[in-house]
Amino acid sequence: MVGISDSNVSEPFILFGNPENRRTTGLQEARSRLKLPPAVEISYKNVLEAIREKQSLGELLARIAAQAAPDSVNASVYVQESIRQLQTGRADISPLLRLDAPGESFEVERELIALGAPDTEGDDSLLPWAELAHSPGILASEARGLLEQHGRIWHPAQWFRGYCRLLAWLRQEAALLWPSSRWMNDPEEVAVMFDKRRCSAVLNKAGIRVPPVLTPPDGTFRDVADLHAAIMESGVHRLFVKIFCGSGASGVMAYQVHPRTRAELAVTTVGTEIVHGQRVYYNAGRLRRYTDKQDIHAILGWLCSEGVHVERWIPKASLSGRVYDVRQLVCGSEACHAVLRLSRSPITNLHLRNERLLLEDAGLPQDTVESVQQTAEAAMSAFPASMVAGLDVLVPAHGGRPYMLDVNPFGDLLYRVKHQGWNPYEWEMLHLANGTATLERKDSL
């Protein structure tokens with residue numbers, strides 16, 4: 001059995017997330033299996049309510065303690081005592097703080113859009129490249145009146161501004177209440193990872209190989225004309241156009257323009273249709289192929305209005321007739337869990353019913369495996385204040401060093417993938433409990 005350091009176990013562990021989400025439950029289950037005390041859960045819903053009501057984090061903790069349901073995670077004796085200690089703001093309290101993904105809750109999504117509204121005050125200090133934000137947005141009252149429509153993509157740029165304001169509030173409040181607290185994933189770095197434009201620039205500056213980026217003279221694509229002008233000037237006719245803050249292939253388009261005939265082809269998860277005289281956009285949940293320029297330009301125009309990251313289309317290596325890239329988890333500066341994502345299309349995300357294959361089962365040359373791992377580790381070193389992330393690594397079809405595609409701060413939700421016998425959440429919790437010690441599974445818990 002792995003020994004766990006007593007010095008870190010006693011520190012309260014705070015988890016900001018959406019309760020009963022598969023991520024938060026997965027982490028709590030890992031802590032339980034490792035005989036670690038449960039995390040103190042603070043929901044994004046409650047955080048957003050506190051921001052709206054101009055409460056402090058200490059006041060929010062008091063409300064959580066008072067309202068804890070008898071069967072909730074936060075009702076345990078240990079957690080209740082932890083909350084009481086955390087409320088005091090004592091200098092000797094140094095909690096570990098973890099941010100989890102804010103998705104899969106429309107209530108939270110709607111409130112983040114409201115927080116990012118032009119008529120809402122907020123701290124934009126963590127908004128990367130705020131000067132590139134140009135979507136007009138909607139008012140906070142309009143945001144709170146939105147009704148959930150399955151797959152509908154609502155105001156992503158405004159959502160991201162709201163999310164960055166939430167991150168800034170959490171960072172400031174935690175520093176005031178617990179000056180010696182530590183973040184498992186730093187809020188400022190999470191904001192940068194989320195912004196594909198800024199993340200690519202940070203990685204490139206650090207010497208990490210990323211796909212070449214197309215940019216217009218003023219730094220942002222405002223419409224399709226800007227995009228086509230950049231295509232003509234660069235001579236690059238096969239591109240990936242990505243909404244700058246998207247995840248899970250939402251808002252991603254593989255786009256090509258024939259250099260001679262000017263025919264266009266787009267493969268994307270974005271669906272579009274006219275509803276009550278208004279064109280709407282949604283995540284179709286599967287890939288769609290467009291050849292009609294009117295539809296393609298409508299989608300591209302909408303993407304540009306929200307903000308896009310445009311990069312050269314790098315052909316991916318193939319395995320058994322399908323192209324692939326690698327989701328490589330890095331924890332504590334070391335590559336660990338990994339899975340190949342194989343597809344017959346240029347977009348490989350697993351939720352699009354693409355095939356998954358464990359890295360160790362793929363039969364890739366050892367130098368390729370090591371190159372993927374080293375690339376991911378080097379990319380993660382560009383974010384020194386964050387302990388873990390899932391990194392998407394492209395092995396080029398033409399050979400050579402891999403490219404770093406994306407850094408996902410919440411990319412550790414990997415099913416049926418183990419490293420040295422541990423699933424991702426168990427591995428992360430062991431690293432936290434044991435510091436930088438080498439972890440080996442000697443027998444079952």
# chains A, B, ... in the order shown; residues from 1 in each chain; ligands from 1

call {"tool": "residues_around", "arguments": {"residues": "A:Ile299", "least_positions_apart": "4", "cutoff": "10 Å", "atoms": "only C-alpha atoms", "output": "ChimeraX atom specification"}}
result
/A:224,251,253,266,268,270-272,279-281,293-295,303-305

call {"tool": "write_last_selection", "arguments": {"atoms": "C-alpha atoms", "output": "PDB file, in the first residue's frame"}}
result
ATOM      1  CA  VAL A 224     -15.120  36.423 -43.555  1.00  0.00           C
ATOM      2  CA  GLY A 251     -16.985  25.852 -32.582  1.00  0.00           C
ATOM      3  CA  MET A 253     -14.141  24.039 -38.342  1.00  0.00           C
ATOM      4  CA  ALA A 266     -16.070  22.898 -44.259  1.00  0.00           C
ATOM      5  CA  THR A 268     -17.514  21.142 -38.362  1.00  0.00           C
ATOM      6  CA  VAL A 270     -21.506  23.612 -35.772  1.00  0.00           C
ATOM      7  CA  GLY A 271     -25.052  23.335 -37.009  1.00  0.00           C
ATOM      8  CA  THR A 272     -27.017  26.331 -38.226  1.00  0.00           C
ATOM      9  CA  ARG A 279     -30.154  32.289 -37.759  1.00  0.00           C
ATOM     10  CA  VAL A 280     -29.047  30.246 -34.742  1.00  0.00           C
ATOM     11  CA  TYR A 281     -25.946  28.149 -34.128  1.00  0.00           C
ATOM     12  CA  LYS A 293     -20.908  29.032 -49.399  1.00  0.00           C
ATOM     13  CA  GLN A 294     -23.912  30.759 -47.845  1.00  0.00           C
ATOM     14  CA  ASP A 295     -23.970  28.334 -44.917  1.00  0.00           C
ATOM     15  CA  LEU A 303     -17.306  32.550 -35.350  1.00  0.00           C
ATOM     16  CA  CYS A 304     -15.353  35.690 -36.277  1.00  0.00           C
ATOM     17  CA  SER A 305     -17.834  37.898 -34.416  1.00  0.00           C
TER      18      SER A 305
END

call {"tool": "residues_around", "arguments": {"residues": "A:Asp124", "least_positions_apart": "2", "cutoff": "8 Å", "atoms": "only C-alpha atoms", "output": "ChimeraX atom specification"}}
result
/A:122,126-127,130,161,164-165,168

call {"tool": "closest_atom_pairs", "arguments": {"of": "stretch 313-386 of chain A", "to": "stretch 411-414 of chain A", "cutoff": "12 Å", "atoms": "only C-alpha atoms", "output": "CSV"}}
result
residue,atom,partner,partner_atom,distance
A:Val326,CA,A:Gly411,CA,11.9
A:Arg327,CA,A:Gly411,CA,8.1
A:Gln328,CA,A:Gly411,CA,8.8
A:Leu329,CA,A:Asp412,CA,6.5
A:Val330,CA,A:Asp412,CA,9.0
A:Cys331,CA,A:Asp412,CA,9.5
A:Cys336,CA,A:Asp412,CA,10.6
A:His337,CA,A:Leu414,CA,8.2
A:Ala338,CA,A:Leu414,CA,8.4
A:Val339,CA,A:Leu414,CA,8.2
A:Leu340,CA,A:Leu414,CA,11.3
A:Arg341,CA,A:Leu414,CA,11.7
A:Asn349,CA,A:Gly411,CA,11.8
A:Leu350,CA,A:Leu414,CA,10.3
A:His351,CA,A:Leu414,CA,11.7
A:Arg356,CA,A:Leu414,CA,10.5
A:Leu357,CA,A:Leu414,CA,11.6
A:Leu358,CA,A:Leu414,CA,10.6

call {"tool": "write_last_selection", "arguments": {"atoms": "N, CA and C atoms", "output": "short mmCIF file (atom, residue, chain, number, x, y, z; two decimals), in the first residue's frame"}}
result
data_model
loop_
_atom_site.label_atom_id
_atom_site.label_comp_id
_atom_site.auth_asym_id
_atom_site.auth_seq_id
_atom_site.Cartn_x
_atom_site.Cartn_y
_atom_site.Cartn_z
N VAL A 326 -3.00 12.60 -29.73
CA VAL A 326 -2.87 11.99 -28.42
C VAL A 326 -3.31 12.97 -27.34
N ARG A 327 -4.24 12.55 -26.48
CA ARG A 327 -4.54 13.29 -25.26
C ARG A 327 -3.58 12.77 -24.19
N GLN A 328 -2.61 13.61 -23.84
CA GLN A 328 -1.59 13.23 -22.86
C GLN A 328 -1.79 14.03 -21.59
N LEU A 329 -2.01 13.34 -20.50
CA LEU A 329 -2.12 13.99 -19.20
C LEU A 329 -0.72 14.20 -18.63
N VAL A 330 -0.51 15.40 -18.07
CA VAL A 330 0.74 15.68 -17.35
C VAL A 330 0.37 16.07 -15.94
N CYS A 331 0.97 15.42 -14.97
CA CYS A 331 0.69 15.68 -13.56
C CYS A 331 2.01 15.83 -12.82
N CYS A 336 1.77 11.13 -17.78
CA CYS A 336 1.22 9.92 -17.15
C CYS A 336 0.19 9.28 -18.08
N HIS A 337 -1.10 9.43 -17.80
CA HIS A 337 -2.16 8.79 -18.55
C HIS A 337 -2.23 9.35 -19.98
N ALA A 338 -2.49 8.47 -20.94
CA ALA A 338 -2.58 8.93 -22.33
C ALA A 338 -3.52 8.03 -23.12
N VAL A 339 -4.17 8.64 -24.12
CA VAL A 339 -5.06 7.88 -24.99
C VAL A 339 -4.98 8.45 -26.40
N LEU A 340 -4.93 7.56 -27.38
CA LEU A 340 -5.01 7.98 -28.78
C LEU A 340 -6.46 8.22 -29.14
N ARG A 341 -6.69 9.26 -29.95
CA ARG A 341 -8.03 9.55 -30.46
C ARG A 341 -7.96 9.37 -31.98
N ASN A 349 -12.06 14.43 -31.58
CA ASN A 349 -12.62 14.40 -30.23
C ASN A 349 -13.43 13.14 -29.99
N LEU A 350 -13.26 12.56 -28.80
CA LEU A 350 -13.84 11.26 -28.52
C LEU A 350 -15.36 11.28 -28.43
N HIS A 351 -15.95 12.38 -27.99
CA HIS A 351 -17.40 12.40 -27.85
C HIS A 351 -18.11 12.41 -29.20
N ARG A 356 -11.06 5.27 -29.38
CA ARG A 356 -9.99 5.52 -28.43
C ARG A 356 -9.10 4.30 -28.34
N LEU A 357 -7.82 4.54 -28.07
CA LEU A 357 -6.87 3.44 -27.96
C LEU A 357 -5.81 3.86 -26.95
N LEU A 358 -5.53 3.00 -25.99
CA LEU A 358 -4.50 3.33 -25.01
C LEU A 358 -3.15 3.46 -25.71
#

call {"tool": "select_by_dssp", "arguments": {"residues": "stretch 132-301 of chain A", "states": "strand (DSSP E or B)", "output": "NGL selection string"}}
result
:A and (152 or 182-183 or 185 or 213 or 238-243 or 252-257 or 264-275 or 278-290)

call {"tool": "residues_around", "arguments": {"residues": "A:Pro409", "least_positions_apart": "5", "cutoff": "9 Å", "atoms": "only C-alpha atoms", "output": "PyMOL selection string"}}
result
chain A and resi 99-101+185+189-190+193-194+386+388-391

call {"tool": "residues_around", "arguments": {"residues": "A:Ala254", "least_positions_apart": "5", "cutoff": "9 Å", "atoms": "only C-alpha atoms", "output": "list in words"}}
result
Arg238, Leu239, Phe240, Val241, Lys242, Leu265, Ala266, Val267, Thr268, Trp313, Pro346 and Ile347 of chain A

call {"tool": "write_last_selection", "arguments": {"atoms": "N, CA and C atoms", "output": "PDB file, in the first residue's frame"}}
result
ATOM      1  N   ARG A 238      -5.711  25.472 -46.454  1.00  0.00           N
ATOM      2  CA  ARG A 238      -6.344  24.471 -45.591  1.00  0.00           C
ATOM      3  C   ARG A 238      -6.083  24.898 -44.152  1.00  0.00           C
ATOM      4  N   LEU A 239      -7.175  25.155 -43.418  1.00  0.00           N
ATOM      5  CA  LEU A 239      -7.064  25.780 -42.107  1.00  0.00           C
ATOM      6  C   LEU A 239      -7.961  25.088 -41.086  1.00  0.00           C
ATOM      7  N   PHE A 240      -7.631  25.326 -39.835  1.00  0.00           N
ATOM      8  CA  PHE A 240      -8.573  25.064 -38.750  1.00  0.00           C
ATOM      9  C   PHE A 240      -8.990  26.419 -38.192  1.00  0.00           C
ATOM     10  N   VAL A 241     -10.284  26.659 -38.193  1.00  0.00           N
ATOM     11  CA  VAL A 241     -10.839  27.879 -37.605  1.00  0.00           C
ATOM     12  C   VAL A 241     -11.551  27.458 -36.321  1.00  0.00           C
ATOM     13  N   LYS A 242     -11.081  27.993 -35.188  1.00  0.00           N
ATOM     14  CA  LYS A 242     -11.590  27.556 -33.888  1.00  0.00           C
ATOM     15  C   LYS A 242     -12.087  28.753 -33.097  1.00  0.00           C
ATOM     16  N   LEU A 265     -14.973  24.016 -48.718  1.00  0.00           N
ATOM     17  CA  LEU A 265     -15.432  22.835 -47.996  1.00  0.00           C
ATOM     18  C   LEU A 265     -15.189  23.059 -46.511  1.00  0.00           C
ATOM     19  N   ALA A 266     -16.196  22.755 -45.708  1.00  0.00           N
ATOM     20  CA  ALA A 266     -16.070  22.898 -44.259  1.00  0.00           C
ATOM     21  C   ALA A 266     -16.593  21.643 -43.578  1.00  0.00           C
ATOM     22  N   VAL A 267     -15.826  21.148 -42.622  1.00  0.00           N
ATOM     23  CA  VAL A 267     -16.251  20.045 -41.762  1.00  0.00           C
ATOM     24  C   VAL A 267     -16.252  20.578 -40.343  1.00  0.00           C
ATOM     25  N   THR A 268     -17.384  20.497 -39.662  1.00  0.00           N
ATOM     26  CA  THR A 268     -17.514  21.142 -38.362  1.00  0.00           C
ATOM     27  C   THR A 268     -18.626  20.501 -37.549  1.00  0.00           C
ATOM     28  N   TRP A 313      -3.663  23.935 -41.152  1.00  0.00           N
ATOM     29  CA  TRP A 313      -4.096  22.548 -41.028  1.00  0.00           C
ATOM     30  C   TRP A 313      -2.875  21.652 -41.221  1.00  0.00           C
ATOM     31  N   PRO A 346     -10.863  14.873 -39.944  1.00  0.00           N
ATOM     32  CA  PRO A 346      -9.750  15.626 -39.341  1.00  0.00           C
ATOM     33  C   PRO A 346      -9.975  16.015 -37.890  1.00  0.00           C
ATOM     34  N   ILE A 347     -11.187  15.822 -37.356  1.00  0.00           N
ATOM     35  CA  ILE A 347     -11.499  16.210 -35.978  1.00  0.00           C
ATOM     36  C   ILE A 347     -11.641  14.932 -35.149  1.00  0.00           C
TER      37      ILE A 347
END

call {"tool": "select_by_dssp", "arguments": {"residues": "stretch 14-168 of chain A", "states": "helix (DSSP H, G or I)", "output": "PyMOL selection string"}}
result
chain A and resi 22-33+44-52+57-67+73-75+77-88+106-115+130-132+140-144+156-168

call {"tool": "residues_around", "arguments": {"residues": "A:Ala114", "least_positions_apart": "6", "cutoff": "12 Å", "atoms": "only C-alpha atoms", "output": "ChimeraX atom specification"}}
result
/A:48-49,51-52,107-108,120-122,137-146,154-163,165-166

call {"tool": "write_last_selection", "arguments": {"atoms": "N, CA and C atoms", "output": "CSV table (one decimal), in the first residue's frame"}}
result
chain,number,residue,atom,x,y,z
A,48,LEU,N,-21.3,32.2,-7.9
A,48,LEU,CA,-21.9,33.2,-8.7
A,48,LEU,C,-23.0,34.0,-8.0
A,49,GLU,N,-23.7,33.3,-7.1
A,49,GLU,CA,-24.7,34.0,-6.3
A,49,GLU,C,-24.0,35.0,-5.3
A,51,ILE,N,-21.1,36.5,-5.8
A,51,ILE,CA,-20.6,37.6,-6.6
A,51,ILE,C,-21.7,38.6,-6.9
A,52,ARG,N,-22.9,38.0,-7.3
A,52,ARG,CA,-24.0,38.9,-7.6
A,52,ARG,C,-24.5,39.6,-6.4
A,107,GLU,N,-27.7,26.4,-15.8
A,107,GLU,CA,-27.9,27.5,-14.8
A,107,GLU,C,-26.6,28.2,-14.6
A,108,VAL,N,-25.5,27.5,-14.5
A,108,VAL,CA,-24.1,28.1,-14.4
A,108,VAL,C,-23.7,28.9,-15.6
A,120,THR,N,-22.6,44.7,-16.5
A,120,THR,CA,-22.2,44.1,-15.2
A,120,THR,C,-20.8,44.5,-14.9
A,121,GLU,N,-20.6,45.0,-13.7
A,121,GLU,CA,-19.2,45.3,-13.2
A,121,GLU,C,-18.5,44.0,-12.9
A,122,GLY,N,-17.2,44.0,-13.2
A,122,GLY,CA,-16.4,42.8,-12.9
A,122,GLY,C,-14.9,43.1,-13.1
A,137,GLY,N,-22.5,41.5,-27.3
A,137,GLY,CA,-23.1,40.9,-26.1
A,137,GLY,C,-24.5,41.3,-25.8
A,138,ILE,N,-25.0,40.7,-24.8
A,138,ILE,CA,-26.4,41.0,-24.3
A,138,ILE,C,-26.4,41.5,-22.9
A,139,LEU,N,-27.4,42.1,-22.4
A,139,LEU,CA,-27.5,42.6,-21.1
A,139,LEU,C,-27.7,41.5,-20.1
A,140,ALA,N,-27.3,41.7,-18.8
A,140,ALA,CA,-27.4,40.7,-17.8
A,140,ALA,C,-28.8,40.2,-17.7
A,141,SER,N,-29.8,41.1,-17.7
A,141,SER,CA,-31.2,40.6,-17.6
A,141,SER,C,-31.6,39.7,-18.7
A,142,GLU,N,-31.1,40.0,-19.9
A,142,GLU,CA,-31.4,39.2,-21.1
A,142,GLU,C,-30.7,37.8,-20.9
A,143,ALA,N,-29.5,37.8,-20.4
A,143,ALA,CA,-28.8,36.6,-20.2
A,143,ALA,C,-29.6,35.7,-19.2
A,144,ARG,N,-30.1,36.2,-18.1
A,144,ARG,CA,-30.8,35.4,-17.1
A,144,ARG,C,-32.1,35.0,-17.6
A,145,GLY,N,-32.6,35.5,-18.7
A,145,GLY,CA,-33.9,35.1,-19.3
A,145,GLY,C,-33.7,34.1,-20.4
A,146,LEU,N,-32.5,33.7,-20.7
A,146,LEU,CA,-32.3,32.6,-21.7
A,146,LEU,C,-32.9,31.3,-21.3
A,154,TRP,N,-24.6,29.7,-26.8
A,154,TRP,CA,-25.0,31.0,-26.4
A,154,TRP,C,-23.8,31.9,-26.1
A,155,HIS,N,-23.6,32.9,-26.9
A,155,HIS,CA,-22.7,34.0,-26.5
A,155,HIS,C,-21.4,33.6,-25.9
A,156,PRO,N,-20.6,32.8,-26.6
A,156,PRO,CA,-19.3,32.2,-26.0
A,156,PRO,C,-18.3,33.3,-25.5
A,157,ALA,N,-18.2,34.4,-26.3
A,157,ALA,CA,-17.2,35.4,-25.9
A,157,ALA,C,-17.6,36.0,-24.6
A,158,GLN,N,-18.9,36.3,-24.4
A,158,GLN,CA,-19.4,36.9,-23.2
A,158,GLN,C,-19.3,35.9,-22.1
A,159,TRP,N,-19.6,34.7,-22.3
A,159,TRP,CA,-19.4,33.6,-21.3
A,159,TRP,C,-18.0,33.6,-20.8
A,160,PHE,N,-17.0,33.7,-21.7
A,160,PHE,CA,-15.7,33.6,-21.3
A,160,PHE,C,-15.3,34.8,-20.5
A,161,ARG,N,-15.8,36.0,-20.8
A,161,ARG,CA,-15.5,37.2,-20.0
A,161,ARG,C,-16.0,37.0,-18.6
A,162,GLY,N,-17.2,36.4,-18.5
A,162,GLY,CA,-17.8,36.1,-17.2
A,162,GLY,C,-17.0,35.1,-16.4
A,163,TYR,N,-16.5,34.1,-17.1
A,163,TYR,CA,-15.7,33.1,-16.5
A,163,TYR,C,-14.4,33.6,-15.9
A,165,ARG,N,-14.0,36.7,-15.0
A,165,ARG,CA,-14.3,37.5,-13.8
A,165,ARG,C,-14.5,36.6,-12.6
A,166,LEU,N,-15.1,35.5,-12.8
A,166,LEU,CA,-15.3,34.5,-11.7
A,166,LEU,C,-13.9,34.1,-11.2
